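Asks: Next up is a structure, given as structure tokens.
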Amino acid sequence: MGYQFEFADVFAYWPDLLAGALHTLVLSGFAMAIGMVVAVLGALGKTSGPRWLQWFLDGYIEAIRNTPFLIQIFMIYFGLPAAGIRLSSDTAALLALVVNVGAYGIEIIRAGIESISKGQIEAGKSLGLRPLQIFRFIILKPAIQAIYPSLTSQFILLMLNSSVCSAIAASELTAAAGDIQSRTFRSFEVYFIVTCMYFAMSVLFWGAFAAIERIWLRKPSLR
């Protein structure tokens, strides 16, 4: 039995594929932006917060890092209604991504903050800088330089993990692919094209992140 490839049947739905890709990028972008706010606040709590807050953050991080992302989505989308909290599929997907990336981001940013030597911080205090100024001008940029590759990798993983959100019918590329497959019955062609689209988006982001690092985060030359 020979299989007849019919990519034209799938390309006929290119507006749906582009819309799905756009939704993936928007969902990932919002999740990363909000997740980084959670990560920064959590990292500050881990490094300088009270003991009870550090214990709470440790529990949150371990719970997220040691459970599947799919289960986290199901807990939010199917579990919260039992507590009277009902979310749309897109909102639940966004919340799940934020909760997930926030846990990993806390540990990444904490490592960056702790990589700054105490001598630099003491120098800032001796100059009369306030704690917020010390964080902004002495800690933040060197920490970002140290953790930037890890953060960019986390964003790519976040974008790829967003495909799991199709399990709750969130509006993104994999959900669009499933809908097209159910109409055309061209499973190989649909998912081959979607694979290429995810790969292309990943490569574009890697290039953009590399350009940002060269322009804004380049370390000064020692010469």
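Here's how to read the names in the structure tokens: chain A, B, ... by the order shown, residue numbers from 1 in each chain, ligand numbers from 1 in the order shown.
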With only C-alpha atoms as the counted atoms, please give the residues lying no more than 12 Å from Ile64 of chain A, apart from itself and same-chain residues fewer than 2 positions off, as a list of chain:residue names.
Replies: A:Leu57, A:Asp58, A:Gly59, A:Tyr60, A:Ile61, A:Glu62, A:Asn66, A:Thr67, A:Pro68, A:Phe69, A:Leu70, A:Ile71, A:Gln72, A:Ile73, A:Met75, A:Ala96, A:Leu97, A:Val98, A:Val99, A:Asn100, A:Val101, A:Gly102, A:Ala103, A:Tyr104, A:Gly105, A:Ile106, A:Glu107
Asks: Residues of segment 1-74 of chain A that have any atom at most 9 Å from an atom of segment 113-126 of chain A: could you tabulate them with the shortest-distance atom pair and the distance in Å to one decimal, using only C-alpha atoms, ordered by chain and increasing number, as a Markdown table?
Replies:
| residue | atom | partner | partner_atom | distance |
| --- | --- | --- | --- | --- |
| A:Ala43 | CA | A:Ile113 | CA | 8.1 |
| A:Leu44 | CA | A:Ile113 | CA | 8.6 |
| A:Thr47 | CA | A:Glu114 | CA | 7.9 |
Asks: Print the selection's residues with N, CA and C atoms to a file, as a compact mmCIF listing (two decimals), in the first residue's frame.
Replies:
# COMPACT_ATOMS: atom_id res chain seq x y z
N ALA A 43 12.57 35.44 43.34
CA ALA A 43 14.01 35.37 43.60
C ALA A 43 14.42 36.32 44.72
N LEU A 44 13.81 37.50 44.75
CA LEU A 44 14.09 38.44 45.84
C LEU A 44 13.62 37.85 47.17
N THR A 47 16.14 35.18 48.27
CA THR A 47 17.47 35.65 48.70
C THR A 47 17.42 36.57 49.91
Asks: Separation of atom CA of Gly178 of chain A and atom CA of Leu27 of chain A, in Å?
Replies: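 These atoms are spaced 18.0 Å apart.
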